[in-house]
Amino acid sequence: MKRRDFLHSLGASSALALGAGPLGVSNALAMTGEPLRTLPELRSENGRVRTQLIVQNARFRVGDRTLHMPAYRFEHMTEGSLPGPTLRVKPGDRVDWDLANLITPTGIPDGATEAQQAMFDQLDYTNVHVHGLQVSPGENHDNVYQVLRPFCAPARYTYNIPGPETGRPQPSGMFWYHPHKHGSTSHQAWQGLSGAIIVEGPIDEVPEIRDLRERVIILNGLLVNPAGEVPRAAMVPNAGFSPFSPIPSQPTDMLLTVNGQLRPTIDIEPGEVQRWRVLNAAPHRFFWLNLDGHDFYQIGQDGIPFAAPRPVRRILMAPGNRAEFLVKGGRAGNYALHADIYEQGHPGGARPGWIIGTVEVAGQGRQDPIPTQLVEPPQMPDLPIANSRQIRFKGEISGNDPAGDQGATGDGPLVPVKFYLDGKVFSLNRIDQTVLGGTVEEWTLINEDVFQHPFHIHVNPFQVVAINGQPTNDDTWWDVIALPSKGELTIRIFFRPDVSGKTVYHCHILPHEDNGMMANLFIYPPGTDMANPPPIPDTPVPSGSGPCTI
């Protein structure tokens, strides 16, 4: 039985589910207020990292709940971490890790037959993407087309992080790693599979920053059933706090965690300045961060530093965004850290506001300065615009469309949801765009939906030059940007000349990406005759199914 046939047989004729008994947040806040945990770390030595990245089932206490789900660990660790451990590197380093998939099935619906269980085997297939690193997307590098089934031989990944000798070193900031197997990306993100990558560099030597207490903070959205497992099922949007319902139906809970904790406490002294590096690793939820009684002094976006701090009251983080900022402790007391209510276009309405943590200001006090200058950020090369393109984003959640591209017809079963780029769903060996390395292009991203689709492109960051046709005059670099509802952004991208190959761009609401909103991009090396480029070989279609051995 095919997956879409199974969904049809379960009556999934409408994508906007009325809810399968969402638990909301139930009683999972019973053990809040613990001190914010520091995530385990691995640091490069002598310019190298050599390890295994293991993903294996583990159990975690979150609030009053015990969760059972896969977790990352490095080979020197005895147990997994929720979220995963942090990797610290520098420009010019080489990272070699072997990804080992030791996942065993969880979240199986009661009464599911063997055939139905096997249909969702792919939810345990995985790979790993190093989000924001400007490295090769080729085989054995940042290859998102890799498919690693459970208990098969580990997959080798090598990343040569651009150093000063390239003329365009990897910026110093926060990046991250997470699964990117098409079809299982959102499921594994709801399991909390994510980890920070910190690239250290010039901004870390700014005198007012060098000795600050640093917080690496990962925000997750864990979608779990009463057993504390992510349902092994298809997901459709609903109107509750838990914004997706599984098919087959079962109750679900949405836990918004901070370093794997519910509403932890972050301590700071009055007048102390701390450096916070924050990642939104939730697959679907925007976080509009706001700390009562305090401003943020933002020093970087998506891993790329600013020239000077920017005071802001709130910071909007779409899925995949990173924000780095300074926080200065105010008067003694407790202050709530909020994810404010935000209308991101979800069919169930605005995502409700939520307190995700508490900042406790206490101690003797000090007077740490806020820097006035940071470092020179990368510059957009002064090159002519080599090409201009339009990319259209469109979703279909009526449940009235058959499988396939926009406008597809046929007598087959209808599918609950589909999401398109330029009217097409993802296809492994269709090349949607070809570009030339070493050139600058402008892309206009047209959003035909109320969903604020967050656009992400691999390898190369970009700048926003216009919003709904109005110039921005903003030099911020992004690798994820939310598109305005029923609006458009124009972005400018420099395709670095030393990285070529096949990669992707997509919506970073991961259920949208899994349901089609991803496309292939091929970057040709400089000097290629783009009027007569060489053929692009097909990516091998993965063979085999299920685990290799257990």
# chains A, B, ... in the order shown; residues from 1 in each chain; ligands from 1
>>> select_by_dssp(residues="segment 40-145 of chain A", states="helix (DSSP H, G or I)", output="list in words")
Glu114, Ala115, Gln116, Gln117, Ala118, Met119, Asp121, Gln122, Leu123 and Asp124 of chain A
>>> write_last_selection(atoms="all heavy atoms", output="tab-separated table (two decimals), in the first residue's frame")
chain	number	residue	atom	x	y	z
A	114	GLU	N	1.63	-4.56	10.00
A	114	GLU	CA	3.02	-4.52	9.56
A	114	GLU	C	3.17	-3.71	8.28
A	114	GLU	O	4.14	-2.98	8.11
A	114	GLU	CB	3.54	-5.94	9.36
A	114	GLU	CG	3.78	-6.72	10.66
A	114	GLU	CD	4.47	-8.04	10.41
A	114	GLU	OE1	4.91	-8.27	9.26
A	114	GLU	OE2	4.57	-8.83	11.36
A	115	ALA	N	2.20	-3.83	7.39
A	115	ALA	CA	2.27	-3.07	6.14
A	115	ALA	C	2.19	-1.57	6.41
A	115	ALA	O	2.90	-0.78	5.79
A	115	ALA	CB	1.14	-3.50	5.21
A	116	GLN	N	1.32	-1.19	7.33
A	116	GLN	CA	1.20	0.23	7.65
A	116	GLN	C	2.46	0.74	8.34
A	116	GLN	O	2.92	1.84	8.08
A	116	GLN	CB	-0.03	0.45	8.53
A	116	GLN	CG	-1.34	0.25	7.79
A	116	GLN	CD	-2.53	0.17	8.72
A	116	GLN	OE1	-2.38	0.06	9.94
A	116	GLN	NE2	-3.73	0.24	8.16
A	117	GLN	N	3.04	-0.08	9.23
A	117	GLN	CA	4.29	0.32	9.88
A	117	GLN	C	5.41	0.49	8.86
A	117	GLN	O	6.17	1.46	8.91
A	117	GLN	CB	4.69	-0.72	10.93
A	117	GLN	CG	3.76	-0.79	12.13
A	117	GLN	CD	4.24	-1.81	13.15
A	117	GLN	OE1	5.42	-1.89	13.44
A	117	GLN	NE2	3.31	-2.57	13.70
A	118	ALA	N	5.50	-0.48	7.92
A	118	ALA	CA	6.57	-0.43	6.93
A	118	ALA	C	6.46	0.79	6.04
A	118	ALA	O	7.46	1.32	5.56
A	118	ALA	CB	6.56	-1.71	6.09
A	119	MET	N	5.22	1.26	5.82
A	119	MET	CA	5.01	2.42	4.97
A	119	MET	C	5.72	3.66	5.53
A	119	MET	O	6.10	4.56	4.79
A	119	MET	CB	3.52	2.68	4.84
A	119	MET	CG	3.14	3.65	3.77
A	119	MET	SD	1.37	3.69	3.60
A	119	MET	CE	0.89	3.95	5.30
A	121	ASP	N	8.58	3.49	7.31
A	121	ASP	CA	9.98	3.17	7.61
A	121	ASP	C	10.90	4.35	7.31
A	121	ASP	O	11.89	4.58	8.00
A	121	ASP	CB	10.45	1.96	6.79
A	121	ASP	CG	10.08	0.63	7.44
A	121	ASP	OD1	9.68	0.63	8.62
A	121	ASP	OD2	10.20	-0.40	6.75
A	122	GLN	N	10.56	5.12	6.24
A	122	GLN	CA	11.45	6.21	5.83
A	122	GLN	C	11.59	7.28	6.90
A	122	GLN	O	12.52	8.09	6.84
A	122	GLN	CB	10.94	6.84	4.54
A	122	GLN	CG	9.66	7.62	4.71
A	122	GLN	CD	9.57	8.82	3.77
A	122	GLN	OE1	10.57	9.25	3.20
A	122	GLN	NE2	8.39	9.38	3.62
A	123	LEU	N	10.68	7.33	7.86
A	123	LEU	CA	10.80	8.34	8.91
A	123	LEU	C	12.04	8.12	9.77
A	123	LEU	O	12.46	9.02	10.49
A	123	LEU	CB	9.54	8.36	9.79
A	123	LEU	CG	8.25	8.76	9.08
A	123	LEU	CD1	7.08	8.72	10.05
A	123	LEU	CD2	8.37	10.15	8.45
A	124	ASP	N	12.63	6.92	9.70
A	124	ASP	CA	13.86	6.63	10.43
A	124	ASP	C	15.09	6.70	9.53
A	124	ASP	O	16.21	6.48	10.00
A	124	ASP	CB	13.78	5.25	11.08
A	124	ASP	CG	12.69	5.16	12.13
A	124	ASP	OD1	12.38	6.20	12.74
A	124	ASP	OD2	12.14	4.06	12.34
>>> closest_atom_pairs(of="segment 369-425 of chain A", to="segment 196-215 of chain A", cutoff="9 Å", atoms="only C-alpha atoms", output="CSV")
residue,atom,partner,partner_atom,distance
A:Pro369,CA,A:Glu208,CA,6.6
A:Ile370,CA,A:Glu208,CA,6.7
A:Pro371,CA,A:Glu208,CA,5.7
A:Gln373,CA,A:Val206,CA,8.4
A:Leu374,CA,A:Ile203,CA,6.4
A:Val375,CA,A:Ile203,CA,6.0
>>> residues_around(residues="Ala318 of chain A", least_positions_apart="5", cutoff="8 Å", atoms="only C-alpha atoms", output="MDAnalysis selection string")
chainID A and resid 280 285:287 454 480:482
>>> select_by_dssp(residues="segment 404-458 of chain A", states="strand (DSSP E)", output="mmCIF file with N, CA and C atoms, in the first residue's frame")
data_model
loop_
_atom_site.group_PDB
_atom_site.id
_atom_site.type_symbol
_atom_site.label_atom_id
_atom_site.label_comp_id
_atom_site.auth_asym_id
_atom_site.auth_seq_id
_atom_site.Cartn_x
_atom_site.Cartn_y
_atom_site.Cartn_z
ATOM 1 N N LEU A 414 -6.773 11.558 -3.542
ATOM 2 C CA LEU A 414 -6.350 12.922 -3.238
ATOM 3 C C LEU A 414 -5.366 12.909 -2.087
ATOM 4 N N VAL A 415 -4.496 13.935 -2.043
ATOM 5 C CA VAL A 415 -3.515 14.028 -0.967
ATOM 6 C C VAL A 415 -3.880 15.197 -0.063
ATOM 7 N N LYS A 418 -0.141 19.760 -0.310
ATOM 8 C CA LYS A 418 0.969 19.855 -1.263
ATOM 9 C C LYS A 418 1.490 21.292 -1.228
ATOM 10 N N PHE A 419 2.781 21.424 -1.407
ATOM 11 C CA PHE A 419 3.393 22.743 -1.444
ATOM 12 C C PHE A 419 4.325 22.807 -2.646
ATOM 13 N N TYR A 420 4.239 23.919 -3.390
ATOM 14 C CA TYR A 420 4.928 24.027 -4.672
ATOM 15 C C TYR A 420 5.956 25.163 -4.667
ATOM 16 N N LEU A 421 7.000 24.973 -5.440
ATOM 17 C CA LEU A 421 7.862 26.053 -5.901
ATOM 18 C C LEU A 421 7.707 26.120 -7.409
ATOM 19 N N GLN A 433 17.193 25.220 -11.267
ATOM 20 C CA GLN A 433 17.953 26.433 -11.563
ATOM 21 C C GLN A 433 19.417 26.051 -11.760
ATOM 22 N N THR A 434 20.086 26.694 -12.717
ATOM 23 C CA THR A 434 21.535 26.570 -12.875
ATOM 24 C C THR A 434 22.148 27.961 -12.762
ATOM 25 N N VAL A 435 23.245 28.062 -12.006
ATOM 26 C CA VAL A 435 23.911 29.346 -11.809
ATOM 27 C C VAL A 435 25.405 29.159 -12.011
ATOM 28 N N LEU A 436 26.104 30.258 -12.148
ATOM 29 C CA LEU A 436 27.546 30.246 -12.365
ATOM 30 C C LEU A 436 28.255 30.766 -11.123
ATOM 31 N N VAL A 440 26.901 37.334 -9.222
ATOM 32 C CA VAL A 440 25.853 37.870 -8.359
ATOM 33 C C VAL A 440 24.530 37.804 -9.110
ATOM 34 N N GLU A 441 23.489 37.310 -8.427
ATOM 35 C CA GLU A 441 22.165 37.250 -9.025
ATOM 36 C C GLU A 441 21.144 37.901 -8.100
ATOM 37 N N GLU A 442 20.018 38.313 -8.695
ATOM 38 C CA GLU A 442 18.875 38.788 -7.912
ATOM 39 C C GLU A 442 17.693 37.864 -8.151
ATOM 40 N N TRP A 443 17.115 37.393 -7.053
ATOM 41 C CA TRP A 443 15.947 36.526 -7.114
ATOM 42 C C TRP A 443 14.779 37.253 -6.450
ATOM 43 N N THR A 444 13.652 37.287 -7.117
ATOM 44 C CA THR A 444 12.431 37.811 -6.518
ATOM 45 C C THR A 444 11.583 36.626 -6.061
ATOM 46 N N LEU A 445 11.338 36.561 -4.772
ATOM 47 C CA LEU A 445 10.618 35.459 -4.142
ATOM 48 C C LEU A 445 9.176 35.908 -3.946
ATOM 49 N N ILE A 446 8.254 35.304 -4.669
ATOM 50 C CA ILE A 446 6.860 35.734 -4.696
ATOM 51 C C ILE A 446 6.027 34.740 -3.893
ATOM 52 N N ASN A 447 5.388 35.243 -2.856
ATOM 53 C CA ASN A 447 4.595 34.407 -1.961
ATOM 54 C C ASN A 447 3.114 34.552 -2.318
ATOM 55 N N PRO A 454 9.424 30.631 5.096
ATOM 56 C CA PRO A 454 10.817 31.046 5.261
ATOM 57 C C PRO A 454 11.692 30.425 4.153
ATOM 58 N N PHE A 455 12.284 31.259 3.340
ATOM 59 C CA PHE A 455 13.145 30.805 2.244
ATOM 60 C C PHE A 455 14.545 30.513 2.769
ATOM 61 N N HIS A 456 15.085 29.358 2.364
ATOM 62 C CA HIS A 456 16.463 28.992 2.722
ATOM 63 C C HIS A 456 17.148 28.442 1.491
ATOM 64 N N ILE A 457 18.383 28.870 1.270
ATOM 65 C CA ILE A 457 19.207 28.326 0.189
ATOM 66 C C ILE A 457 20.508 27.830 0.803
#
>>> residues_around(residues="Gly544 of chain A", least_positions_apart="4", cutoff="12 Å", atoms="only C-alpha atoms", output="short mmCIF file (atom, residue, chain, number, x, y, z; two decimals) with all heavy atoms, in the first residue's frame")
data_model
loop_
_atom_site.label_atom_id
_atom_site.label_comp_id
_atom_site.auth_asym_id
_atom_site.auth_seq_id
_atom_site.Cartn_x
_atom_site.Cartn_y
_atom_site.Cartn_z
N ASP A 121 8.58 3.49 7.31
CA ASP A 121 9.98 3.17 7.61
C ASP A 121 10.90 4.35 7.31
O ASP A 121 11.89 4.58 8.00
CB ASP A 121 10.45 1.96 6.79
CG ASP A 121 10.08 0.63 7.44
OD1 ASP A 121 9.68 0.63 8.62
OD2 ASP A 121 10.20 -0.40 6.75
N GLN A 122 10.56 5.12 6.24
CA GLN A 122 11.45 6.21 5.83
C GLN A 122 11.59 7.28 6.90
O GLN A 122 12.52 8.09 6.84
CB GLN A 122 10.94 6.84 4.54
CG GLN A 122 9.66 7.62 4.71
CD GLN A 122 9.57 8.82 3.77
OE1 GLN A 122 10.57 9.25 3.20
NE2 GLN A 122 8.39 9.38 3.62
N TYR A 125 14.91 6.98 8.23
CA TYR A 125 16.05 7.20 7.35
C TYR A 125 16.57 8.61 7.62
O TYR A 125 15.79 9.53 7.89
CB TYR A 125 15.68 7.08 5.88
CG TYR A 125 15.08 5.76 5.45
CD1 TYR A 125 14.61 5.60 4.15
CD2 TYR A 125 14.98 4.68 6.32
CE1 TYR A 125 14.06 4.40 3.73
CE2 TYR A 125 14.43 3.47 5.91
CZ TYR A 125 13.97 3.34 4.62
OH TYR A 125 13.42 2.15 4.20
N VAL A 147 21.05 9.05 1.77
CA VAL A 147 20.00 8.38 2.53
C VAL A 147 20.66 7.26 3.34
O VAL A 147 21.21 6.32 2.78
CB VAL A 147 18.89 7.80 1.63
CG1 VAL A 147 17.86 7.04 2.47
CG2 VAL A 147 18.21 8.91 0.84
N LEU A 148 20.59 7.39 4.65
CA LEU A 148 21.21 6.40 5.54
C LEU A 148 20.11 5.70 6.32
O LEU A 148 19.46 6.29 7.19
CB LEU A 148 22.20 7.08 6.49
CG LEU A 148 22.93 6.14 7.46
CD1 LEU A 148 23.78 5.12 6.69
CD2 LEU A 148 23.81 6.93 8.41
N ARG A 149 19.90 4.43 5.99
CA ARG A 149 18.90 3.63 6.69
C ARG A 149 19.46 3.15 8.03
O ARG A 149 20.68 3.08 8.20
CB ARG A 149 18.47 2.45 5.83
CG ARG A 149 17.68 2.87 4.62
CD ARG A 149 17.66 1.87 3.47
NE ARG A 149 17.67 0.50 3.90
CZ ARG A 149 18.38 -0.46 3.29
NH1 ARG A 149 19.14 -0.18 2.25
NH2 ARG A 149 18.33 -1.70 3.72
N PRO A 150 18.59 2.80 8.97
CA PRO A 150 19.08 2.36 10.28
C PRO A 150 19.98 1.14 10.18
O PRO A 150 19.71 0.19 9.43
CB PRO A 150 17.80 2.04 11.05
CG PRO A 150 16.75 2.88 10.42
CD PRO A 150 17.11 2.92 8.96
N CYS A 152 22.73 0.58 8.82
CA CYS A 152 23.63 0.42 7.68
C CYS A 152 25.00 1.00 8.05
O CYS A 152 25.16 1.65 9.09
CB CYS A 152 23.06 1.12 6.46
SG CYS A 152 21.53 0.37 5.82
N CYS A 548 19.15 -2.16 7.90
CA CYS A 548 20.07 -3.15 7.33
C CYS A 548 20.10 -4.41 8.21
O CYS A 548 19.90 -5.52 7.73
CB CYS A 548 21.46 -2.55 7.20
SG CYS A 548 21.57 -1.33 5.86
#
>>> closest_residue(among="A:Pro237, A:Gly345, A:Pro377, A:Gly437", to="Gly303 of chain A", atoms="only C-alpha atoms")
A:Pro377
>>> residues_around(residues="segment 81-89 of chain A", least_positions_apart="4", cutoff="6 Å", atoms="only C-alpha atoms", output="list in words")
Leu39, Pro40, Glu41, Leu42, Arg43, Ser44, Ala71, Tyr72, Gly192, Ser194, Gly195, Ala196, Ile197, Ile198, Val199 and Gly260 of chain A
>>> atom_distance(atom1="atom CA of Pro413 of chain A", atom2="atom CA of Asn515 of chain A")
15.7 Å
>>> atom_distance(atom1="atom CA of Arg322 of chain A", atom2="atom CA of Ala234 of chain A")
28.3 Å
>>> atom_distance(atom1="atom CA of Asn127 of chain A", atom2="atom CA of Phe175 of chain A")
17.0 Å
>>> residues_around(residues="Met254 of chain A", least_positions_apart="4", cutoff="6 Å", atoms="only C-alpha atoms", output="list in words")
Leu222, Leu223 and Ser242 of chain A
>>> write_last_selection(atoms="N, CA and C atoms", output="CSV table (one decimal), in the first residue's frame")
chain,number,residue,atom,x,y,z
A,222,LEU,N,8.8,20.1,20.2
A,222,LEU,CA,8.7,18.7,20.2
A,222,LEU,C,7.3,18.3,20.2
A,223,LEU,N,6.9,17.5,19.2
A,223,LEU,CA,5.5,17.1,19.0
A,223,LEU,C,5.4,15.6,19.5
A,242,SER,N,-1.1,22.6,19.6
A,242,SER,CA,-0.3,21.6,18.9
A,242,SER,C,-0.8,21.7,17.4
>>> residues_around(residues="segment 130-146 of chain A", least_positions_apart="3", cutoff="8 Å", atoms="only C-alpha atoms", output="JSON, numbers by chain")
{"A": [126, 127, 155, 156, 157, 158, 159, 160, 161, 162, 170, 175, 176, 177, 178, 180, 181, 302, 303, 458, 459, 460, 461, 479, 499, 500, 501, 502, 503, 539]}
>>> closest_residue(among="A:Ala58, A:Val278, A:Ile397, A:Val327", to="His346 of chain A", atoms="only C-alpha atoms")
A:Ile397
>>> closest_residue(among="A:His506, A:Arg351, A:Arg37, A:Arg61", to="Phe393 of chain A", atoms="only C-alpha atoms")
A:His506
